[in-house]
file entry_10.tsv (TSV, C-alpha atoms and all ligand atoms)
chain	number	residue	atom	x	y	z
A	228	MET	CA	85.48	62.65	129.58
A	229	VAL	CA	83.31	60.71	127.11
A	230	VAL	CA	79.84	59.72	128.31
A	231	THR	CA	77.64	57.57	126.12
A	232	LEU	CA	73.96	58.48	126.34
A	233	GLU	CA	70.97	56.58	125.05
A	234	PRO	CA	69.26	58.57	122.28
A	235	CYS	CA	66.44	60.72	123.65
A	236	ASP	CA	62.94	60.43	122.35
A	237	HIS	CA	59.79	62.41	122.92
A	238	ASP	CA	57.37	59.68	123.84
A	239	GLY	CA	58.74	58.65	127.19
A	240	THR	CA	60.22	55.29	126.17
A	241	THR	CA	63.76	56.37	127.03
A	242	PRO	CA	64.62	58.65	129.91
A	243	PRO	CA	65.55	62.26	129.12
A	244	CYS	CA	69.21	62.91	128.29
A	245	THR	CA	69.22	65.64	130.90
A	246	ASP	CA	68.95	63.12	133.78
A	247	ALA	CA	71.91	61.17	132.43
A	248	ILE	CA	73.98	64.32	131.95
A	249	ILE	CA	73.26	65.64	135.42
A	250	SER	CA	73.94	62.32	137.14
A	251	SER	CA	77.15	61.76	135.16
A	252	GLY	CA	78.70	64.93	136.64
A	253	ILE	CA	79.27	66.70	133.31
A	254	ASP	CA	79.73	70.37	134.15
A	255	ARG	CA	79.56	71.97	130.67
A	256	VAL	CA	77.31	71.19	127.70
A	257	VAL	CA	77.46	72.66	124.21
A	258	VAL	CA	74.16	72.70	122.29
A	259	GLY	CA	74.05	73.22	118.54
A	260	ALA	CA	70.41	74.12	118.00
A	261	VAL	CA	67.43	74.17	120.32
A	262	ASP	CA	64.98	71.43	119.35
A	263	PRO	CA	61.87	73.28	118.07
A	264	ASP	CA	59.65	70.35	119.08
A	265	PRO	CA	57.13	71.97	121.45
A	266	ARG	CA	57.40	68.92	123.74
A	267	VAL	CA	61.07	69.70	124.30
A	268	SER	CA	61.88	73.24	123.15
A	269	GLY	CA	64.58	74.24	125.61
A	270	ARG	CA	63.16	72.59	128.70
A	271	GLY	CA	66.11	70.23	128.98
A	272	ILE	CA	68.48	73.18	128.75
A	273	ALA	CA	66.60	74.92	131.56
A	274	ARG	CA	66.85	71.78	133.70
A	275	LEU	CA	70.58	71.48	133.08
A	276	ARG	CA	71.14	75.11	134.03
A	277	ALA	CA	68.97	74.72	137.15
A	278	ALA	CA	71.21	71.80	138.12
A	279	GLY	CA	74.29	74.02	137.80
A	280	VAL	CA	75.50	72.71	134.43
A	281	GLU	CA	77.00	75.42	132.18
A	282	VAL	CA	75.15	75.34	128.83
A	283	GLU	CA	76.24	77.15	125.70
A	284	VAL	CA	73.56	77.26	122.99
A	285	GLY	CA	73.88	77.91	119.25
A	286	VAL	CA	77.35	76.51	118.59
A	287	LEU	CA	77.50	75.58	114.88
A	288	ALA	CA	73.71	75.98	114.81
A	289	ASN	CA	73.48	76.23	111.01
A	290	GLU	CA	75.61	73.12	110.54
A	291	VAL	CA	73.46	71.21	113.04
A	292	GLU	CA	70.26	72.14	111.18
A	293	ARG	CA	71.84	71.29	107.84
A	294	ALA	CA	72.56	67.79	109.15
A	295	ASP	CA	68.82	67.11	109.49
A	296	PRO	CA	66.89	69.90	107.76
A	297	ALA	CA	63.66	67.93	107.36
A	298	TYR	CA	63.39	67.32	111.11
A	299	PHE	CA	63.72	71.01	111.97
A	300	HIS	CA	61.40	72.02	109.12
A	301	HIS	CA	58.72	69.57	110.19
A	302	ARG	CA	58.86	70.57	113.84
A	303	ARG	CA	58.48	74.24	112.85
A	304	THR	CA	55.82	73.92	110.13
A	305	GLY	CA	54.10	70.56	110.65
A	306	ARG	CA	54.94	69.71	107.01
A	307	ALA	CA	57.39	67.50	105.20
A	308	ARG	CA	60.28	69.42	103.65
A	309	VAL	CA	60.61	69.43	99.84
A	310	THR	CA	63.69	69.36	97.68
A	311	LEU	CA	62.86	69.93	94.03
A	312	LYS	CA	65.45	68.29	91.80
A	313	VAL	CA	65.85	69.24	88.15
A	314	ALA	CA	68.34	67.83	85.67
A	315	SER	CA	68.54	69.94	82.53
A	316	THR	CA	70.73	70.96	79.67
A	317	LEU	CA	72.62	74.23	80.10
A	318	ASP	CA	69.77	75.92	78.21
A	319	GLY	CA	67.12	74.57	80.57
A	320	GLN	CA	65.59	71.56	78.79
A	321	VAL	CA	64.76	68.44	80.85
A	322	ALA	CA	63.65	66.24	77.95
A	323	ALA	CA	63.36	66.27	74.18
A	324	LEU	CA	60.03	66.66	72.38
A	325	ASP	CA	59.83	62.87	71.95
A	326	GLY	CA	59.99	62.50	75.76
A	327	THR	CA	63.52	61.09	75.87
A	328	SER	CA	65.58	62.41	78.80
A	329	ARG	CA	68.06	59.64	79.57
A	330	TRP	CA	70.58	60.71	80.08
A	331	ILE	CA	70.87	64.47	80.05
A	332	THR	CA	73.39	64.64	82.87
A	333	SER	CA	76.68	62.80	83.36
A	334	PRO	CA	77.21	59.56	85.32
A	335	GLU	CA	78.87	61.68	88.02
A	336	SER	CA	75.73	63.81	88.42
A	337	ARG	CA	73.52	60.74	88.47
A	338	GLU	CA	75.65	59.27	91.21
A	339	ASP	CA	75.15	62.50	93.15
A	340	VAL	CA	71.37	62.23	92.61
A	341	HIS	CA	71.50	58.85	94.35
A	342	ARG	CA	73.25	60.48	97.30
A	343	LEU	CA	70.55	63.16	97.33
A	344	ARG	CA	67.80	60.52	97.29
A	345	ALA	CA	69.46	58.82	100.24
A	346	GLU	CA	68.98	62.03	102.26
A	347	HIS	CA	65.20	61.87	101.76
A	348	ASP	CA	62.46	59.64	103.12
A	349	ALA	CA	60.54	59.64	99.85
A	350	VAL	CA	60.89	60.46	96.16
A	351	LEU	CA	57.78	61.91	94.49
A	352	VAL	CA	56.96	62.02	90.78
A	353	GLY	CA	53.93	62.62	88.59
A	354	ILE	CA	52.49	59.68	86.69
A	355	GLY	CA	53.88	61.21	83.49
A	356	THR	CA	57.42	60.41	84.60
A	357	VAL	CA	56.51	56.84	85.51
A	358	LEU	CA	54.93	56.25	82.11
A	359	ALA	CA	57.79	57.91	80.20
A	360	ASP	CA	60.79	56.55	82.08
A	361	ASP	CA	59.64	53.66	84.30
A	362	PRO	CA	62.12	54.77	86.99
A	363	THR	CA	62.93	52.82	90.16
A	364	LEU	CA	63.51	55.97	92.27
A	365	ASP	CA	65.76	54.07	94.65
A	366	VAL	CA	69.31	54.59	95.90
A	367	ARG	CA	71.79	52.50	93.96
A	368	THR	CA	75.00	53.82	95.46
A	369	ALA	CA	77.52	50.99	96.01
A	370	GLY	CA	77.49	49.82	99.62
A	371	TYR	CA	74.29	51.69	100.52
A	372	ASP	CA	72.27	49.55	102.91
A	373	TRP	CA	70.14	52.12	104.69
A	374	PRO	CA	66.37	52.36	104.21
A	375	GLN	CA	65.28	53.16	100.67
A	376	PRO	CA	63.18	56.29	100.04
A	377	ARG	CA	59.51	55.45	99.53
A	378	PRO	CA	58.21	56.12	96.01
A	379	ILE	CA	55.20	58.46	95.74
A	380	VAL	CA	53.20	58.89	92.53
A	381	VAL	CA	50.71	61.69	91.93
A	382	ALA	CA	48.00	61.48	89.27
A	383	ARG	CA	44.68	62.93	88.27
A	384	HIS	CA	43.39	60.27	85.90
A	385	ARG	CA	46.11	57.90	84.79
A	386	SER	CA	46.84	54.73	86.79
A	387	LEU	CA	50.11	53.26	87.93
A	388	PRO	CA	50.77	50.23	85.69
A	389	SER	CA	51.14	47.06	87.74
A	390	HIS	CA	54.25	46.13	85.72
A	391	SER	CA	56.02	49.44	86.46
A	392	ARG	CA	59.25	49.16	88.42
A	393	ILE	CA	58.03	51.18	91.39
A	394	ALA	CA	54.83	49.12	91.67
A	395	GLY	CA	56.89	46.53	93.53
A	396	ARG	CA	58.35	49.09	95.93
A	397	ASP	CA	55.27	49.75	98.09
A	398	PRO	CA	54.49	53.10	96.45
A	399	ILE	CA	52.15	55.70	97.89
A	400	VAL	CA	49.74	56.58	95.07
A	401	LEU	CA	47.87	59.88	95.44
A	402	THR	CA	45.04	60.40	92.97
A	403	ASP	CA	42.52	63.21	92.73
A	404	PRO	CA	40.66	64.14	89.53
A	405	ASP	CA	40.60	67.77	90.74
A	406	GLY	CA	44.36	67.78	91.33
A	407	VAL	CA	46.28	66.71	94.41
A	408	ASP	CA	47.00	69.64	96.73
A	409	PRO	CA	50.77	69.63	97.44
A	410	ILE	CA	50.34	71.32	100.82
A	411	ALA	CA	47.80	68.72	101.96
A	412	VAL	CA	50.25	66.01	100.85
A	413	LEU	CA	53.07	67.57	102.86
A	414	GLU	CA	50.87	67.75	105.94
A	415	ARG	CA	49.86	64.11	105.57
A	416	LEU	CA	53.23	62.51	104.84
A	417	PRO	CA	54.76	63.00	108.32
A	418	HIS	CA	52.03	60.67	109.64
A	419	ASP	CA	53.69	57.99	107.49
A	420	GLY	CA	57.10	58.90	108.94
A	421	ILE	CA	58.08	60.89	105.84
A	422	LEU	CA	59.69	64.22	106.76
A	423	GLY	CA	61.89	64.83	103.71
A	424	VAL	CA	60.55	64.52	100.13
A	425	MET	CA	62.51	64.83	96.94
A	426	VAL	CA	60.28	65.90	94.05
A	427	GLU	CA	61.93	64.34	91.04
A	428	GLY	CA	59.16	64.37	88.51
A	429	GLY	CA	58.71	66.14	85.28
A	430	PRO	CA	57.77	69.75	84.50
A	431	THR	CA	54.07	69.37	85.41
A	432	ILE	CA	54.53	68.22	88.98
A	433	ALA	CA	57.37	70.71	89.44
A	434	ARG	CA	54.99	73.50	88.45
A	435	ALA	CA	52.28	72.21	90.81
A	436	PHE	CA	54.68	72.28	93.79
A	437	LEU	CA	56.06	75.70	92.85
A	438	ASP	CA	52.60	77.19	92.39
A	439	ALA	CA	51.63	75.89	95.82
A	440	ASP	CA	54.74	77.50	97.32
A	441	ALA	CA	55.67	74.02	98.52
A	442	VAL	CA	59.38	73.96	97.59
A	443	ASP	CA	62.01	74.49	100.29
A	444	GLU	CA	65.16	73.76	98.31
A	445	ILE	CA	65.91	73.50	94.60
A	446	VAL	CA	68.79	71.38	93.37
A	447	VAL	CA	69.55	71.86	89.67
A	448	TYR	CA	72.02	69.73	87.76
A	449	LEU	CA	73.02	71.73	84.71
A	450	ALA	CA	74.52	69.39	82.16
A	451	GLY	CA	77.48	70.44	80.07
A	452	ARG	CA	75.23	70.25	77.01
A	453	ILE	CA	73.11	72.61	74.94
A	454	ALA	CA	69.78	71.31	73.63
A	455	GLY	CA	69.56	74.12	71.11
A	456	GLY	CA	65.79	74.29	71.01
A	457	VAL	CA	62.67	73.83	73.06
A	458	GLY	CA	61.77	70.30	74.10
A	459	LEU	CA	60.44	70.14	77.66
A	460	PRO	CA	61.46	73.04	79.90
A	461	ALA	CA	62.21	72.38	83.57
A	462	ILE	CA	58.91	73.90	84.69
A	463	ALA	CA	55.64	73.53	82.75
A	464	GLY	CA	53.34	76.42	81.97
A	465	ASP	CA	53.77	79.96	80.78
A	466	PHE	CA	56.20	82.65	81.85
A	467	SER	CA	53.85	85.45	80.89
A	468	THR	CA	55.65	88.53	82.02
A	469	LEU	CA	59.05	89.29	83.55
A	470	ALA	CA	57.52	90.32	86.85
A	471	ASP	CA	56.38	86.70	87.36
A	472	ASN	CA	59.92	85.53	88.16
A	473	ARG	CA	60.88	84.86	91.76
A	474	PRO	CA	64.36	85.54	93.14
A	475	VAL	CA	66.29	82.68	94.68
A	476	THR	CA	69.32	82.68	96.91
A	477	ILE	CA	72.02	80.37	95.61
A	478	ASP	CA	73.57	78.54	98.54
A	479	GLU	CA	76.04	76.30	96.76
A	480	VAL	CA	77.56	75.81	93.32
A	481	THR	CA	79.57	72.65	92.72
A	482	ARG	CA	81.23	71.24	89.63
A	483	ILE	CA	80.34	67.59	89.14
A	484	GLY	CA	82.24	66.00	86.27
A	485	PRO	CA	81.25	67.98	83.15
A	486	ASP	CA	78.14	69.38	84.89
A	487	VAL	CA	77.31	71.99	87.52
A	488	ARG	CA	75.14	71.43	90.59
A	489	ILE	CA	73.34	74.41	92.06
A	490	SER	CA	71.52	74.39	95.38
A	491	ALA	CA	69.15	77.30	95.92
A	492	ARG	CA	66.07	78.39	97.85
A	493	PHE	CA	63.55	81.15	97.39
A	494	THR	CA	64.84	84.42	98.79
A	495	THR	CA	63.06	85.55	101.94
A	496	GLN	CA	63.03	88.87	103.77
A	497	GLU	CA	65.66	87.45	106.14
A	498	ASP	CA	68.08	87.14	103.18
A	499	ALA	CA	67.62	90.80	102.22
B	501	LIG	N1	65.34	65.79	83.54
B	501	LIG	C1	64.62	65.62	84.61
B	501	LIG	O1	64.98	66.07	85.73
B	501	LIG	C2	63.33	64.87	84.50
B	501	LIG	C3	62.77	64.31	85.64
B	501	LIG	C4	61.56	63.64	85.53
B	501	LIG	C5	60.93	63.54	84.29
B	501	LIG	N2	61.52	64.08	83.21
B	501	LIG	C6	60.86	63.99	81.88
B	501	LIG	O2	59.61	64.68	81.98
B	501	LIG	C7	58.71	64.10	81.05
B	501	LIG	C8	57.39	63.87	81.73
B	501	LIG	O3	56.85	65.14	82.06
B	501	LIG	P1	55.50	65.28	82.85
B	501	LIG	O4	55.30	66.72	83.11
B	501	LIG	O5	54.43	64.49	82.20
B	501	LIG	O6	55.88	64.48	84.20
B	501	LIG	P2	55.27	64.59	85.67
B	501	LIG	O7	55.15	66.00	86.08
B	501	LIG	O8	56.11	63.71	86.52
B	501	LIG	O9	53.83	63.94	85.52
B	501	LIG	C9	52.74	64.69	85.02
B	501	LIG	C10	51.44	64.05	85.46
B	501	LIG	O10	51.40	64.03	86.89
B	501	LIG	C11	50.07	64.24	87.32
B	501	LIG	N3	50.02	65.46	88.10
B	501	LIG	C12	50.84	66.54	88.06
B	501	LIG	N4	50.46	67.45	88.97
B	501	LIG	C13	49.38	66.92	89.60
B	501	LIG	C14	48.55	67.35	90.66
B	501	LIG	N5	48.73	68.53	91.27
B	501	LIG	N6	47.55	66.53	91.06
B	501	LIG	C15	47.33	65.35	90.47
B	501	LIG	N7	48.09	64.88	89.46
B	501	LIG	C16	49.11	65.66	89.04
B	501	LIG	C17	49.22	64.38	86.07
B	501	LIG	O11	48.74	63.07	85.82
B	501	LIG	P3	47.37	62.78	84.96
B	501	LIG	O12	47.82	62.61	83.57
B	501	LIG	O13	46.78	61.56	85.59
B	501	LIG	O14	46.51	63.99	85.12
B	501	LIG	C18	50.23	64.82	85.03
B	501	LIG	O15	49.85	64.50	83.71
B	501	LIG	C19	59.34	62.83	80.53
B	501	LIG	O16	59.85	63.06	79.24
B	501	LIG	C20	60.48	62.59	81.49
B	501	LIG	O17	61.55	61.92	80.89
B	501	LIG	C21	62.70	64.75	83.26
call {"tool": "encode", "arguments": {"input": "entry_10.tsv", "output": "structure tokens"}}
result
Amino acid sequence: MVVTLEPCDHDGTTPPCTDAIISSGIDRVVVGAVDPDPRVSGRGIARLRAAGVEVEVGVLANEVERADPAYFHHRRTGRARVTLKVASTLDGQVAALDGTSRWITSPESREDVHRLRAEHDAVLVGIGTVLADDPTLDVRTAGYDWPQPRPIVVARHRSLPSHSRIAGRDPIVLTDPDGVDPIAVLERLPHDGILGVMVEGGPTIARAFLDADAVDEIVVYLAGRIAGGVGLPAIAGDFSTLADNRPVTIDEVTRIGPDVRISARFTTQEDA
């Protein structure tokens, strides 16, 4: 039997799904993942069971969370979820010394970056990237007509030029001469409806987010190219001693045209 239910919400404007399920006579329900939202958090499941409905929980739970990782992350932590994207040569350079970086990766990888942007509510860069590249930070995949990610620019001193491409895209501009705190940003953005942020800036902003332990996923596009020298490395700053490295768990490796795409996250005790 197929029963169409109105989407549930948590503010009382639509009735709970549980009422519709119980009154429809459904006798078995399969739940992927329990909604961590404290306003819900398993209460619907308890009501279904109390009404005699058989409920199985945790079926394809990982897949369900992967379909909307920012939602689950925000409900658990109160913060927006961050994907740090890096596009570098095989030897780890994201730009040449003269600042040129277009294009390090292949058209196929760039197309994939647009798909990745489409999975996020916002794309964040430092002002250095705006001034060097004047990017649009939008999704330009053919046929895409969903909402565009909101551009966010972070700066200490430099201003967003009014003629820059993103100036016309209702950007959020975050400026603080003492440095913008990434964690404070991630706690604020959900109030603007932004739960998933792709950090797509240069090495300086990447370092700021890594130092603040504010990166949940890293997506690296490794181009089938060797720079053969040091221009701009993916992450700014020093790598002073070997012990400073942090292990990551690589979740996925995909070949994209002549390039490789790697999805990784910092290894936690649960991975050990
Ligand atoms: N291959 C790639 O994936 C990729 C992606 C993006 C950019 N790039 C390249 O990277 C180069 C630009 O590098 P970049 O390091 O200058 O770019 P960036 O990290 O995007 O911007 C750096 C600027 O952002 C501001 N900023 C960074 N962290 C901040 C914080 N915590 N609080 C406040 N402001 C902060 C500072 O602005 P103030 O100057 O105002 O202090 C800083 O100078 C360009 O050559 C570009 O082509 C490559």
call {"tool": "residues_around", "arguments": {"input": "entry_10.tsv", "residues": "A:Asp348", "least_positions_apart": "3", "cutoff": "7 Å", "atoms": "only C-alpha atoms", "output": "PyMOL selection string"}}
result
chain A and resi 376-377+421-424
call {"tool": "residues_around", "arguments": {"input": "entry_10.tsv", "residues": "stretch 483-492 of chain A", "least_positions_apart": "2", "cutoff": "8 Å", "atoms": "all atoms listed in the file", "output": "list in words"}}
result
Thr332, Ser333, Glu335, Ser336, Asp443, Glu444, Ile445, Val446, Val447, Tyr448, Leu449, Ala450, Gly451, Val475, Thr476, Ile477, Asp478, Glu479, Val480, Thr481 and Thr494 of chain A
call {"tool": "closest_residue", "arguments": {"input": "entry_10.tsv", "among": "A:Tyr298, A:Arg276, A:Val313, A:Pro362", "to": "A:Ser391", "atoms": "all atoms listed in the file"}}
result
A:Pro362
call {"tool": "axis_aligned_box", "arguments": {"input": "entry_10.tsv", "around": "ligand LIG 501 (chain B)", "padding_each_side": "3 Å", "output": "JSON"}}
result
{"center_x": 55.9, "center_y": 65.0, "center_z": 85.3, "size_x": 24.8, "size_y": 13.0, "size_z": 18.0}
call {"tool": "closest_residue", "arguments": {"input": "entry_10.tsv", "among": "A:Leu437, A:Ala307, A:Ile331, A:Ile410", "to": "ligand LIG 501 (chain B)", "atoms": "all atoms listed in the file"}}
result
A:Ile331
call {"tool": "atom_distance", "arguments": {"input": "entry_10.tsv", "atom1": "atom CA of A:Arg255", "atom2": "atom CA of A:Ala277"}}
result
12.7 Å
call {"tool": "residues_near_point", "arguments": {"input": "entry_10.tsv", "point": "(56.2, 56.4, 92.8)", "cutoff": "6 Å", "atoms": "only C-alpha atoms", "output": "list in words"}}
result
Leu351, Pro378, Ile379, Val380, Ile393 and Pro398 of chain A
call {"tool": "closest_residue", "arguments": {"input": "entry_10.tsv", "among": "A:Phe466, A:Phe299, A:Trp330, A:Trp373", "to": "ligand LIG 501 (chain B)", "atoms": "all atoms listed in the file"}}
result
A:Trp330
call {"tool": "residues_around", "arguments": {"input": "entry_10.tsv", "residues": "A:Asp365", "least_positions_apart": "5", "cutoff": "12 Å", "atoms": "all atoms listed in the file", "output": "PyMOL selection string"}}
result
chain A and resi 337-338+340-351+371-379+392-393+395-398+425+427
call {"tool": "closest_residue", "arguments": {"input": "entry_10.tsv", "among": "A:Arg302, A:Val291, A:Glu281, A:Thr327", "to": "A:Asp264", "atoms": "all atoms listed in the file"}}
result
A:Arg302
call {"tool": "closest_residue", "arguments": {"input": "entry_10.tsv", "among": "A:Arg415, A:Lys312, A:Arg367, A:His390", "to": "ligand LIG 501 (chain B)", "atoms": "all atoms listed in the file"}}
result
A:Lys312
call {"tool": "closest_residue", "arguments": {"input": "entry_10.tsv", "among": "A:Val257, A:Ala323, A:Ile272, A:Ala411", "to": "ligand LIG 501 (chain B)", "atoms": "only C-alpha atoms and all ligand atoms"}}
result
A:Ala323
call {"tool": "atom_distance", "arguments": {"input": "entry_10.tsv", "atom1": "atom CA of A:Val457", "atom2": "atom O7 of ligand LIG 501 (chain B)"}}
result
17.0 Å
call {"tool": "atom_distance", "arguments": {"input": "entry_10.tsv", "atom1": "atom O4 of ligand LIG 501 (chain B)", "atom2": "atom CA of A:Arg306"}}
result
24.1 Å
call {"tool": "residues_around", "arguments": {"input": "entry_10.tsv", "residues": "A:Arg303", "least_positions_apart": "5", "cutoff": "12 Å", "atoms": "only C-alpha atoms", "output": "PDB file with C-alpha atoms, in the coordinates of the input"}}
result
ATOM      1  CA  VAL A 261      67.430  74.170 120.320  1.00  0.00           C
ATOM      2  CA  ASP A 262      64.980  71.430 119.350  1.00  0.00           C
ATOM      3  CA  PRO A 263      61.870  73.280 118.070  1.00  0.00           C
ATOM      4  CA  ASP A 264      59.650  70.350 119.080  1.00  0.00           C
ATOM      5  CA  PRO A 265      57.130  71.970 121.450  1.00  0.00           C
ATOM      6  CA  SER A 268      61.880  73.240 123.150  1.00  0.00           C
ATOM      7  CA  PRO A 296      66.890  69.900 107.760  1.00  0.00           C
ATOM      8  CA  ALA A 297      63.660  67.930 107.360  1.00  0.00           C
ATOM      9  CA  TYR A 298      63.390  67.320 111.110  1.00  0.00           C
ATOM     10  CA  ARG A 308      60.280  69.420 103.650  1.00  0.00           C
ATOM     11  CA  LEU A 422      59.690  64.220 106.760  1.00  0.00           C
TER      12      LEU A 422
END
call {"tool": "residues_around", "arguments": {"input": "entry_10.tsv", "residues": "A:Asp254", "least_positions_apart": "6", "cutoff": "10 Å", "atoms": "all atoms listed in the file", "output": "list in words"}}
result
Ile248, Leu275, Arg276, Ala278, Gly279, Val280, Glu281 and Val282 of chain A
call {"tool": "residues_near_point", "arguments": {"input": "entry_10.tsv", "point": "(62.0, 68.5, 83.0)", "cutoff": "9 Å", "atoms": "only C-alpha atoms", "output": "ChimeraX atom specification"}}
result
/A:313-315,319-322,328,428-431,433,459-463
